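Below is input_6.txt, which holds compact mmCIF, C-alpha atoms.
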# COMPACT_ATOMS: atom_id res chain seq x y z
CA ILE A 1 -13.05 -0.65 -13.11
CA ASN A 2 -12.18 -4.32 -13.38
CA SER A 3 -10.10 -6.92 -11.63
CA MET A 4 -6.64 -7.65 -12.99
CA VAL A 5 -3.58 -9.76 -12.31
CA LEU A 6 -0.01 -8.51 -11.95
CA ASP A 7 2.78 -10.89 -12.89
CA VAL A 8 5.44 -10.73 -10.15
CA GLN A 9 8.45 -12.97 -10.59
CA GLY A 10 6.29 -15.72 -12.07
CA ARG A 11 3.57 -15.39 -9.42
CA GLU A 12 0.19 -13.78 -9.84
CA VAL A 13 -0.93 -10.89 -7.65
CA PHE A 14 -4.69 -10.47 -7.88
CA VAL A 15 -6.03 -6.91 -7.90
CA PRO A 16 -9.79 -7.08 -7.20
CA LYS A 17 -10.60 -3.57 -8.46
CA ALA A 18 -8.40 -1.42 -10.64
CA SER A 19 -8.52 1.28 -13.25
CA GLU A 20 -5.68 0.78 -15.69
CA GLU A 21 -6.55 4.10 -17.30
CA TYR A 22 -6.08 6.06 -14.07
CA ASN A 23 -3.58 3.76 -12.29
CA ILE A 24 -5.65 3.33 -9.15
CA ALA A 25 -6.56 0.17 -7.25
CA ARG A 26 -8.78 -0.94 -4.41
CA PHE A 27 -8.10 -3.84 -2.05
CA SER A 28 -9.35 -5.13 1.26
CA PHE A 29 -6.90 -5.75 4.07
CA GLY A 30 -7.51 -9.46 3.59
CA ASP A 31 -6.64 -9.26 -0.12
CA LEU A 32 -3.22 -7.87 0.77
CA CYS A 33 -2.27 -9.36 4.13
CA ALA A 34 -4.31 -12.53 4.81
CA ARG A 35 -2.45 -14.51 2.14
CA ALA A 36 1.24 -15.20 1.71
CA ALA A 37 2.75 -12.12 0.09
CA GLY A 38 6.12 -10.48 0.15
CA ALA A 39 7.94 -7.27 -0.59
CA ALA A 40 8.11 -7.97 -4.34
CA ASP A 41 4.31 -8.26 -4.52
CA TYR A 42 3.80 -5.01 -2.65
CA LEU A 43 6.48 -3.20 -4.66
CA ALA A 44 4.73 -4.29 -7.87
CA ILE A 45 1.51 -2.73 -6.58
CA GLY A 46 3.35 0.49 -5.68
CA GLU A 47 5.01 0.61 -9.08
CA ARG A 48 1.74 -0.01 -10.93
CA PHE A 49 -0.72 2.22 -9.06
CA HIS A 50 -0.22 5.80 -7.92
CA THR A 51 -3.26 5.64 -5.63
CA VAL A 52 -4.34 2.65 -3.55
CA PHE A 53 -7.49 2.28 -1.46
CA ILE A 54 -7.47 -0.31 1.33
CA GLU A 55 -10.64 -1.12 3.23
CA ASP A 56 -11.47 -3.18 6.31
CA VAL A 57 -8.14 -2.68 8.07
CA PRO A 58 -8.54 -4.21 11.54
CA LYS A 59 -6.91 -3.42 14.84
CA LEU A 60 -3.94 -5.79 14.86
CA GLN A 61 -2.99 -8.05 17.75
CA TYR A 62 0.42 -9.43 18.72
CA HIS A 63 -0.66 -13.03 18.04
CA GLU A 64 -1.31 -12.00 14.39
CA VAL A 65 2.39 -11.48 13.79
CA ASN A 66 2.27 -12.51 10.11
CA LEU A 67 -0.45 -9.95 9.38
CA VAL A 68 1.54 -7.31 11.23
CA ARG A 69 4.71 -8.10 9.27
CA ARG A 70 2.87 -8.03 5.93
CA TRP A 71 1.24 -4.69 6.80
CA ILE A 72 4.64 -3.23 7.71
CA THR A 73 6.13 -4.47 4.42
CA LEU A 74 3.15 -3.17 2.42
CA ILE A 75 3.33 0.31 3.92
CA ASP A 76 7.10 0.42 3.34
CA ALA A 77 6.66 -0.50 -0.34
CA LEU A 78 3.89 2.02 -0.96
CA TYR A 79 5.77 4.74 0.92
CA GLU A 80 8.94 4.17 -1.11
CA ASN A 81 6.96 4.67 -4.35
CA HIS A 82 5.16 7.76 -2.98
CA VAL A 83 1.80 6.07 -3.49
CA LYS A 84 -1.24 8.01 -2.34
CA LEU A 85 -2.92 5.75 0.22
CA VAL A 86 -6.52 5.89 1.40
CA ILE A 87 -7.28 3.58 4.32
CA GLN A 88 -10.65 2.66 5.80
CA ALA A 89 -9.71 1.22 9.19
CA GLU A 90 -11.27 0.12 12.43
CA THR A 91 -9.07 2.56 14.33
CA LYS A 92 -6.57 5.41 14.00
CA PRO A 93 -2.94 4.57 13.09
CA GLU A 94 -1.71 5.19 16.64
CA GLU A 95 -4.16 2.55 17.94
CA MET A 96 -3.79 0.04 15.10
CA PHE A 97 -1.26 -2.22 16.82
CA ARG A 98 -1.03 -2.47 20.59
CA VAL A 99 0.72 -5.12 22.63
CA ASP A 100 0.76 -6.05 26.29
CA LEU A 101 3.72 -5.34 28.54
CA GLU A 102 5.00 -8.91 28.12
CA ASN A 103 5.55 -8.39 24.38
CA GLU A 104 6.42 -4.70 24.24
CA HIS A 105 10.05 -5.36 23.26
CA CYS A 106 9.42 -7.55 20.23
CA ASP A 107 10.85 -6.54 16.83
CA GLU A 108 7.40 -5.94 15.38
CA VAL A 109 6.65 -3.24 17.97
CA PHE A 110 9.71 -1.24 16.92
CA ALA A 111 9.04 -1.81 13.23
CA PHE A 112 5.40 -0.83 13.61
CA ASP A 113 6.40 2.46 15.20
CA ARG A 114 8.12 3.33 11.90
CA THR A 115 5.05 2.12 9.99
CA ARG A 116 2.76 4.24 12.14
CA SER A 117 4.99 7.25 11.51
CA ARG A 118 4.93 6.58 7.76
CA MET A 119 1.14 6.28 7.73
CA GLU A 120 0.92 9.63 9.49
CA GLU A 121 3.37 11.20 7.04
CA MET A 122 1.44 9.76 4.09
CA ARG A 123 -1.52 11.89 5.26
CA SER A 124 0.50 15.09 5.20
CA GLU A 125 0.18 17.77 2.54
CA LYS A 126 3.92 17.56 1.86
CA TYR A 127 3.75 13.82 1.12
CA LEU A 128 0.60 14.15 -0.97
CA ARG A 129 2.39 16.69 -3.19
CA LYS A 130 5.24 14.27 -3.89
CA LYS A 131 5.42 12.78 -7.34
CA TRP A 132 4.62 9.10 -7.65
CA THR A 133 7.84 7.21 -8.35
CA GLY A 134 6.20 4.14 -9.85
CA HIS A 135 7.33 2.39 -12.97
CA LEU A 136 8.68 4.97 -15.43
CA GLN A 137 8.03 2.82 -18.49
CA LEU A 138 4.43 2.37 -17.43
CA ARG A 139 3.96 6.11 -17.00
CA ASP A 140 5.51 6.74 -20.42
CA ASP A 141 3.19 4.15 -22.00
CA VAL A 142 0.13 5.72 -20.34
CA ASP A 143 1.18 9.22 -21.43
CA ARG A 144 1.66 8.01 -25.03
CA ALA A 145 -1.72 6.28 -25.01
CA ARG A 146 -3.41 9.46 -23.78
CA GLN A 147 -1.67 11.50 -26.49
CA ILE A 148 -2.85 9.07 -29.17
CA ASP A 149 -6.41 9.20 -27.79
CA TYR A 150 -6.23 13.00 -27.78
CA MET A 151 -5.06 13.17 -31.41
CA GLN A 152 -7.78 10.85 -32.68

Mind turning the file's structure into structure tokens?
Amino acid sequence: INSMVLDVQGREVFVPKASEEYNIARFSFGDLCARAAGAADYLAIGERFHTVFIEDVPKLQYHEVNLVRRWITLIDALYENHVKLVIQAETKPEEMFRVDLENEHCDEVFAFDRTRSRMEEMRSEKYLRKKWTGHLQLRDDVDRARQIDYMQ
């Protein structure tokens, strides 16, 4: 397990811990959401790794709107690629983002409801049986490499 860098539209996405052999990666919440990142970065992660571990996920507050938006975008990207997601968080998904009555009608609240639902679904047996839809060329390359290793 080593660190690696993904090239995404001319930008570098740092992956602190990854196994290229097994297509798994480990990040902290800060690695993924505390820096400027967008959908393309998260889609690249979902296309490259079939399993992603994320640790130190905090309880999010309304005043941390950029973190909330990045988390929503990240979960959407991983969900779309059927990535297996393992989260170590401060709280359960239903308690991860709470707002006061003054802010209960903001866009992020509605979007996070979908995110919360997706996180719950990603824990289900049905979702976990789904086939990863990451990068087909990458999967073909890995399969070929394993066949060559097997024949040697």

Original post:
Which residue out of A:Val68, A:Ala40, A:Ala34, A:Ile54 has the minimum interatomic distance to Asp113 in chain A when all atoms listed in the file are used?
Top reply: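 Nearest candidate to Asp113 in chain A out of A:Val68, A:Ala40, A:Ala34, A:Ile54: A:Val68.
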
Each residue of range 20-131 of chain A lying at most 10 Å from range 4-10 of chain A should get a row with its shortest atom-to-atom pair and the distance in Å to one decimal, counting all atoms listed in the file; could you produce that, ordered by chain and increasing number, as JSON lines?
{"residue": "A:Glu20", "atom": "CA", "partner": "A:Met4", "partner_atom": "CA", "distance": 8.9}
{"residue": "A:Ala25", "atom": "CA", "partner": "A:Met4", "partner_atom": "CA", "distance": 9.7}
{"residue": "A:Ala40", "atom": "CA", "partner": "A:Val8", "partner_atom": "CA", "distance": 7.0}
{"residue": "A:Asp41", "atom": "CA", "partner": "A:Val8", "partner_atom": "CA", "distance": 6.3}
{"residue": "A:Tyr42", "atom": "CA", "partner": "A:Val8", "partner_atom": "CA", "distance": 9.6}
{"residue": "A:Leu43", "atom": "CA", "partner": "A:Val8", "partner_atom": "CA", "distance": 9.4}
{"residue": "A:Ala44", "atom": "CA", "partner": "A:Val8", "partner_atom": "CA", "distance": 6.9}
{"residue": "A:Ile45", "atom": "CA", "partner": "A:Leu6", "partner_atom": "CA", "distance": 8.0}
{"residue": "A:Arg48", "atom": "CA", "partner": "A:Leu6", "partner_atom": "CA", "distance": 8.7}

**OP:** Tell me which protein, DNA and RNA residues are within 9 Å of Phe27 in chain A, counting only C-alpha atoms, leaving out same-chain ones fewer than 5 positions away, and put them as a PyMOL selection string.
**Re:** chain A and resi 15-18+32+52-55

Original post:
Hey, can you pull every residue with an atom no more than 10 Å from (-7.6, 3.5, 8.4), using all atoms listed in the file, and send it as a list in words?
Top reply: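 Residues with an atom at most 10 Å from (-7.6, 3.5, 8.4): Phe53, Ile54, Glu55, Asp56, Val57, Pro58, Lys59, Leu85, Val86, Ile87, Gln88, Ala89, Glu90, Thr91, Lys92, Pro93, Met96 and Met119 of chain A.
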
Take the residues from that selection and put them in a file with C-alpha atoms, as a PDB file, keeping the file's coordinate frame.
ATOM      1  CA  PHE A  53      -7.490   2.280  -1.460  1.00  0.00           C
ATOM      2  CA  ILE A  54      -7.470  -0.310   1.330  1.00  0.00           C
ATOM      3  CA  GLU A  55     -10.640  -1.120   3.230  1.00  0.00           C
ATOM      4  CA  ASP A  56     -11.470  -3.180   6.310  1.00  0.00           C
ATOM      5  CA  VAL A  57      -8.140  -2.680   8.070  1.00  0.00           C
ATOM      6  CA  PRO A  58      -8.540  -4.210  11.540  1.00  0.00           C
ATOM      7  CA  LYS A  59      -6.910  -3.420  14.840  1.00  0.00           C
ATOM      8  CA  LEU A  85      -2.920   5.750   0.220  1.00  0.00           C
ATOM      9  CA  VAL A  86      -6.520   5.890   1.400  1.00  0.00           C
ATOM     10  CA  ILE A  87      -7.280   3.580   4.320  1.00  0.00           C
ATOM     11  CA  GLN A  88     -10.650   2.660   5.800  1.00  0.00           C
ATOM     12  CA  ALA A  89      -9.710   1.220   9.190  1.00  0.00           C
ATOM     13  CA  GLU A  90     -11.270   0.120  12.430  1.00  0.00           C
ATOM     14  CA  THR A  91      -9.070   2.560  14.330  1.00  0.00           C
ATOM     15  CA  LYS A  92      -6.570   5.410  14.000  1.00  0.00           C
ATOM     16  CA  PRO A  93      -2.940   4.570  13.090  1.00  0.00           C
ATOM     17  CA  MET A  96      -3.790   0.040  15.100  1.00  0.00           C
ATOM     18  CA  MET A 119       1.140   6.280   7.730  1.00  0.00           C
TER      19      MET A 119
END

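Distance check against Glu108 in chain A using all atoms listed in the file: of A:Thr73, A:Ser28, A:Ser124, A:Asn81, the minimum falls on A:Thr73.
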
Original post:
CA of Lys126 in chain A to CA of Phe49 in chain A: how many Å, to one decimal?
Top reply: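 CA of Phe49 in chain A lies at a distance of 19.4 Å from CA of Lys126 in chain A.
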
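Atom pair CA of Phe110 in chain A / CA of His63 in chain A: separated by 15.7 Å.
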
**OP:** Calculate how many Å separate CA of Leu60 in chain A from CA of Glu121 in chain A, rounding to one decimal.
**Re:** 20.1 Å

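Of the residues listed (A:Ile72, A:Leu128, A:Met122, A:Ile24), A:Ile72 shows the shortest atom-to-atom separation from Gly38 in chain A; distances use all atoms listed in the file.
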
Original post:
Got a sec to check which residues sit within 7 Å of (3.2, 2.2, -4.1), counting all atoms listed in the file, and write them as a VMD selection string?
Top reply: chain A and resid 43 45 to 47 49 to 50 77 to 83 134

**OP:** Compare A:Leu74, A:Ile1, A:Val13, A:Val109 by their minimum atom-to-atom distance to Tyr62 in chain A, counting only C-alpha atoms, and give me the closest one.
**Re:** A:Val109

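Residue nearest Ser3 in chain A within the list A:Cys33, A:Glu21, A:Asn66, A:Arg26: A:Arg26 [criterion: smallest interatomic distance, only C-alpha atoms].
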
**OP:** Go through A:Thr51, A:Asn23, A:Val65, A:Asn2 and flag the residue nearest Ala111 in chain A, using all atoms listed in the file for the distances.
**Re:**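 Of the candidates, the smallest distance to Ala111 in chain A is held by A:Val65.
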